[in-house]
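Student: Quick one: this structure, given as structure tokens, is what I'll be asking you about.
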Amino acid sequence: MLGGWWHKARCPIGIDLGEHSVKAVQLHTLRSHLRVRAAASAAMPHDTPPAHEGYHQAVQDTLARLLEQGAFAGRRVVVGLPASVVQFKNLRLPKMPPGELPAAVEWEARQHLEPDQQPVEIQFFDAGEVRQGQEVRQEVILMTASSPFIEAHLQMLARLGLEPVALEVAPSALMRSARAWAGPEGDELRVVIDVGYAFSKVLIGRGQRVLFFKLIDIAGRHWDEAVAQQLKLPRHEAGEVRRRLGREASQDPAEADQTPRSRSQEEAQQAVQDAVRPLLHELAREASLCLRYYGVTFRGQRPQQIALTGGESRQPGLAQALAQQIGVEVRTGAEALTPELSEAATQALREHPAAWAAAMGLSLRDALDQAKRRAA
């Protein structure tokens, strides 16, 4: 499945920082095999989003526990920044030589910043050429993050004795996972819809290039709020009910508890479905608009299938809503994403591997970069 491009290597620890949980995974590559060396996850304390003053301390405490739990080797880490701390913006610039693009993006980015805004770090993806009227323009996906937040992040990692290889954004990690499914030289169009707790993310790429990325403000937290309103429960309790029912619905019938459900359980299931259904269809509509924008902008081919990943990706009815709205087969990323599992792999990874797409992509940074250099 993964081809013969892997060489023996211990990957860095990939740390996926979400607003609801933290996941850490370390992969190991050996010729044509990709294995999980260690994996661990833990929930973040309630109401400690990245904007909260206690966020970095909460992450530090959570990471310290995870690294003690798992059989992780070394201190090298690749850390994914929470999506909410990164600002994404599409720019269209005049066509120019590659060497001039970074300075042009830097200048353009500074023009969009508020005068009193904190200093920011700037990165970008060169999405490629697009036609705007009679002109050919350069499509760029601009990303900015607060410099003070980045510095606090690095200080937190230093206190844990960790050595950051890189701080990365969601598109990089998800694109790397998507590339791993087909091998680094695959050039087919890849579409990933990653559904987390705070945001859903739509990624479109080809080869090594990110062509499109967008955050959609419809995800697990919003489903919890809808269920909380429907069931008259606090949001965190409503979330526990929704996720438990989702796990039960996704179980293999051969392994599921065959005890008949009570009337109250059936009513709870129906209430949850009724509460989240409008949001599922709204998310599907937004994702469909993303695919339409890509098709018009890049005059690109239609994808053959969509990979559905993320911690909230197994919400009942989600895959069906996406497939119906977009008209393309939607598959969980689990089938292609799951590497050979070592004994160190957690039960959570075995049960829901699609939730680990970003963390695996982070851990794969060295392996895919080495494969790219060997191919060059």
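Note on naming: chains are A, B, ... as they come in the structure tokens, residues start from 1 per chain, ligands start from 1 in the order shown.
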Quick one: everything within 6 Å of range 271-288 of chain A, counting only C-alpha atoms, minus sequence neighbours fewer than 4 positions away in the same chain. Send it as JSON, numbers by chain.
Tutor: {"A": [223, 226, 227, 318, 321, 322, 326]}
Student: Let's see if you can do this: from backbone DSSP, list all alpha helix (DSSP H) residues in range 2-237 of chain A, as a PyMOL selection string.
Tutor: chain A and resi 55-69+101-112+147-159+170-182+220-231+235-237
Student: What's around range 290-300 of chain A at 9 Å? Count only C-alpha atoms, leave out sequence neighbours fewer than 6 positions away in its own chain, and write the answer as a ChimeraX atom specification.
Tutor: /A:128-132,189,191,202,204,211-214,326
Student: Next, dump the selected residues to file, keeping only N, CA and C atoms, as a PDB file, in the first residue's frame.
Tutor:
```
ATOM      1  N   GLY A 128      -0.239  27.946  -7.028  1.00  0.00           N
ATOM      2  CA  GLY A 128      -0.070  27.824  -8.466  1.00  0.00           C
ATOM      3  C   GLY A 128      -0.750  28.942  -9.233  1.00  0.00           C
ATOM      4  N   GLU A 129      -0.728  28.846 -10.546  1.00  0.00           N
ATOM      5  CA  GLU A 129      -1.257  29.884 -11.415  1.00  0.00           C
ATOM      6  C   GLU A 129      -2.756  29.732 -11.622  1.00  0.00           C
ATOM      7  N   VAL A 130      -3.450  30.874 -11.626  1.00  0.00           N
ATOM      8  CA  VAL A 130      -4.878  30.901 -11.915  1.00  0.00           C
ATOM      9  C   VAL A 130      -5.134  32.029 -12.918  1.00  0.00           C
ATOM     10  N   ARG A 131      -6.221  31.916 -13.639  1.00  0.00           N
ATOM     11  CA  ARG A 131      -6.571  32.961 -14.597  1.00  0.00           C
ATOM     12  C   ARG A 131      -7.646  33.851 -13.991  1.00  0.00           C
ATOM     13  N   GLN A 132      -7.380  35.155 -14.009  1.00  0.00           N
ATOM     14  CA  GLN A 132      -8.324  36.143 -13.502  1.00  0.00           C
ATOM     15  C   GLN A 132      -8.622  37.106 -14.647  1.00  0.00           C
ATOM     16  N   LEU A 189      -5.318  13.993  -7.666  1.00  0.00           N
ATOM     17  CA  LEU A 189      -5.964  15.010  -6.842  1.00  0.00           C
ATOM     18  C   LEU A 189      -6.412  14.372  -5.529  1.00  0.00           C
ATOM     19  N   VAL A 191      -8.431  15.080  -1.850  1.00  0.00           N
ATOM     20  CA  VAL A 191      -9.323  15.943  -1.084  1.00  0.00           C
ATOM     21  C   VAL A 191      -9.510  15.316   0.289  1.00  0.00           C
ATOM     22  N   VAL A 202     -11.105  21.786   5.055  1.00  0.00           N
ATOM     23  CA  VAL A 202     -11.174  21.232   3.705  1.00  0.00           C
ATOM     24  C   VAL A 202      -9.821  21.476   3.037  1.00  0.00           C
ATOM     25  N   ILE A 204      -7.416  20.533  -0.379  1.00  0.00           N
ATOM     26  CA  ILE A 204      -7.312  19.992  -1.734  1.00  0.00           C
ATOM     27  C   ILE A 204      -5.850  20.125  -2.148  1.00  0.00           C
ATOM     28  N   LEU A 211      -3.318  23.122  -2.835  1.00  0.00           N
ATOM     29  CA  LEU A 211      -3.994  23.995  -3.781  1.00  0.00           C
ATOM     30  C   LEU A 211      -5.096  24.825  -3.130  1.00  0.00           C
ATOM     31  N   PHE A 212      -5.678  24.275  -2.074  1.00  0.00           N
ATOM     32  CA  PHE A 212      -6.807  24.952  -1.440  1.00  0.00           C
ATOM     33  C   PHE A 212      -6.892  24.493   0.006  1.00  0.00           C
ATOM     34  N   PHE A 213      -7.201  25.446   0.899  1.00  0.00           N
ATOM     35  CA  PHE A 213      -7.442  25.094   2.297  1.00  0.00           C
ATOM     36  C   PHE A 213      -8.415  26.108   2.880  1.00  0.00           C
ATOM     37  N   LYS A 214      -9.374  25.581   3.629  1.00  0.00           N
ATOM     38  CA  LYS A 214     -10.333  26.472   4.295  1.00  0.00           C
ATOM     39  C   LYS A 214     -10.794  25.870   5.607  1.00  0.00           C
ATOM     40  N   ILE A 326     -22.120  16.525  -2.328  1.00  0.00           N
ATOM     41  CA  ILE A 326     -21.010  16.731  -3.253  1.00  0.00           C
ATOM     42  C   ILE A 326     -21.102  15.815  -4.464  1.00  0.00           C
TER      43      ILE A 326
END
```
Student: What gap, in Å, lies between CA of Leu63 in chain A and CA of Leu27 in chain A?
Tutor: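 According to the coordinates, CA of Leu63 in chain A and CA of Leu27 in chain A are separated by 17.6 Å.
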Student: Could you list, as a PyMOL selection string, every residue within 7 Å of Arg190 in chain A, counting only C-alpha atoms and ignoring same-chain residues fewer than 5 positions away?
Tutor: chain A and resi 178+204-206+303
Student: Within 12 Å of range 9-24 of chain A, which residues of range 114-184 of chain A show up? Give each one with its shortest atom-to-atom distance in Å (one decimal) and the two atoms involved, counting only C-alpha atoms, rows by chain then rising residue number, as JSON lines.
Tutor:
```
{"residue": "A:His153", "atom": "CA", "partner": "A:Leu17", "partner_atom": "CA", "distance": 11.2}
{"residue": "A:Leu157", "atom": "CA", "partner": "A:Ile15", "partner_atom": "CA", "distance": 11.1}
{"residue": "A:Leu162", "atom": "CA", "partner": "A:Ile13", "partner_atom": "CA", "distance": 9.9}
{"residue": "A:Glu163", "atom": "CA", "partner": "A:Pro12", "partner_atom": "CA", "distance": 9.6}
{"residue": "A:Pro164", "atom": "CA", "partner": "A:Pro12", "partner_atom": "CA", "distance": 9.1}
{"residue": "A:Val165", "atom": "CA", "partner": "A:Pro12", "partner_atom": "CA", "distance": 7.9}
{"residue": "A:Ala166", "atom": "CA", "partner": "A:Gly14", "partner_atom": "CA", "distance": 10.1}
{"residue": "A:Leu167", "atom": "CA", "partner": "A:Ile15", "partner_atom": "CA", "distance": 9.7}
{"residue": "A:Glu168", "atom": "CA", "partner": "A:Asp16", "partner_atom": "CA", "distance": 9.6}
{"residue": "A:Val169", "atom": "CA", "partner": "A:Asp16", "partner_atom": "CA", "distance": 9.8}
{"residue": "A:Ala170", "atom": "CA", "partner": "A:Asp16", "partner_atom": "CA", "distance": 9.0}
{"residue": "A:Ala173", "atom": "CA", "partner": "A:Asp16", "partner_atom": "CA", "distance": 9.2}
{"residue": "A:Leu174", "atom": "CA", "partner": "A:Asp16", "partner_atom": "CA", "distance": 11.0}
{"residue": "A:Ser177", "atom": "CA", "partner": "A:Gly14", "partner_atom": "CA", "distance": 11.9}
```
Student: Please compute the CA of Gly317 in chain A-CA of Arg302 in chain A distance, one decimal, in Å.
Tutor: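 Separation of CA of Gly317 in chain A and CA of Arg302 in chain A: 23.2 Å.
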Student: Rounded to one decimal, what separation in Å do you get between CA of Val79 in chain A and CA of Leu362 in chain A?
Tutor: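 Value for the CA of Val79 in chain A-CA of Leu362 in chain A distance: 6.9 Å.
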Student: Could you name the residues that touch Val120 in chain A at 9 Å or less, counting only C-alpha atoms, but leaving out those on the same chain fewer than 5 positions away, as a list in words?
Tutor: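 The neighbour list is Thr144, Ala145, Ser146, Ser147, Pro148 and Ile150 of chain A.
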Student: Using only C-alpha atoms, can you tell me which of A:Leu142, A:Gln87, A:Ala40, A:Ala152 comes closest to Gly54 in chain A?
Tutor: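 Nearest to Gly54 in chain A: A:Ala152.
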Student: Of the candidates A:His56, A:Gly327, A:Gln315, A:Arg247, which one gets nearest to Glu351 in chain A if we count only C-alpha atoms?
Tutor: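 Closest residue, counting only C-alpha atoms: A:Arg247.
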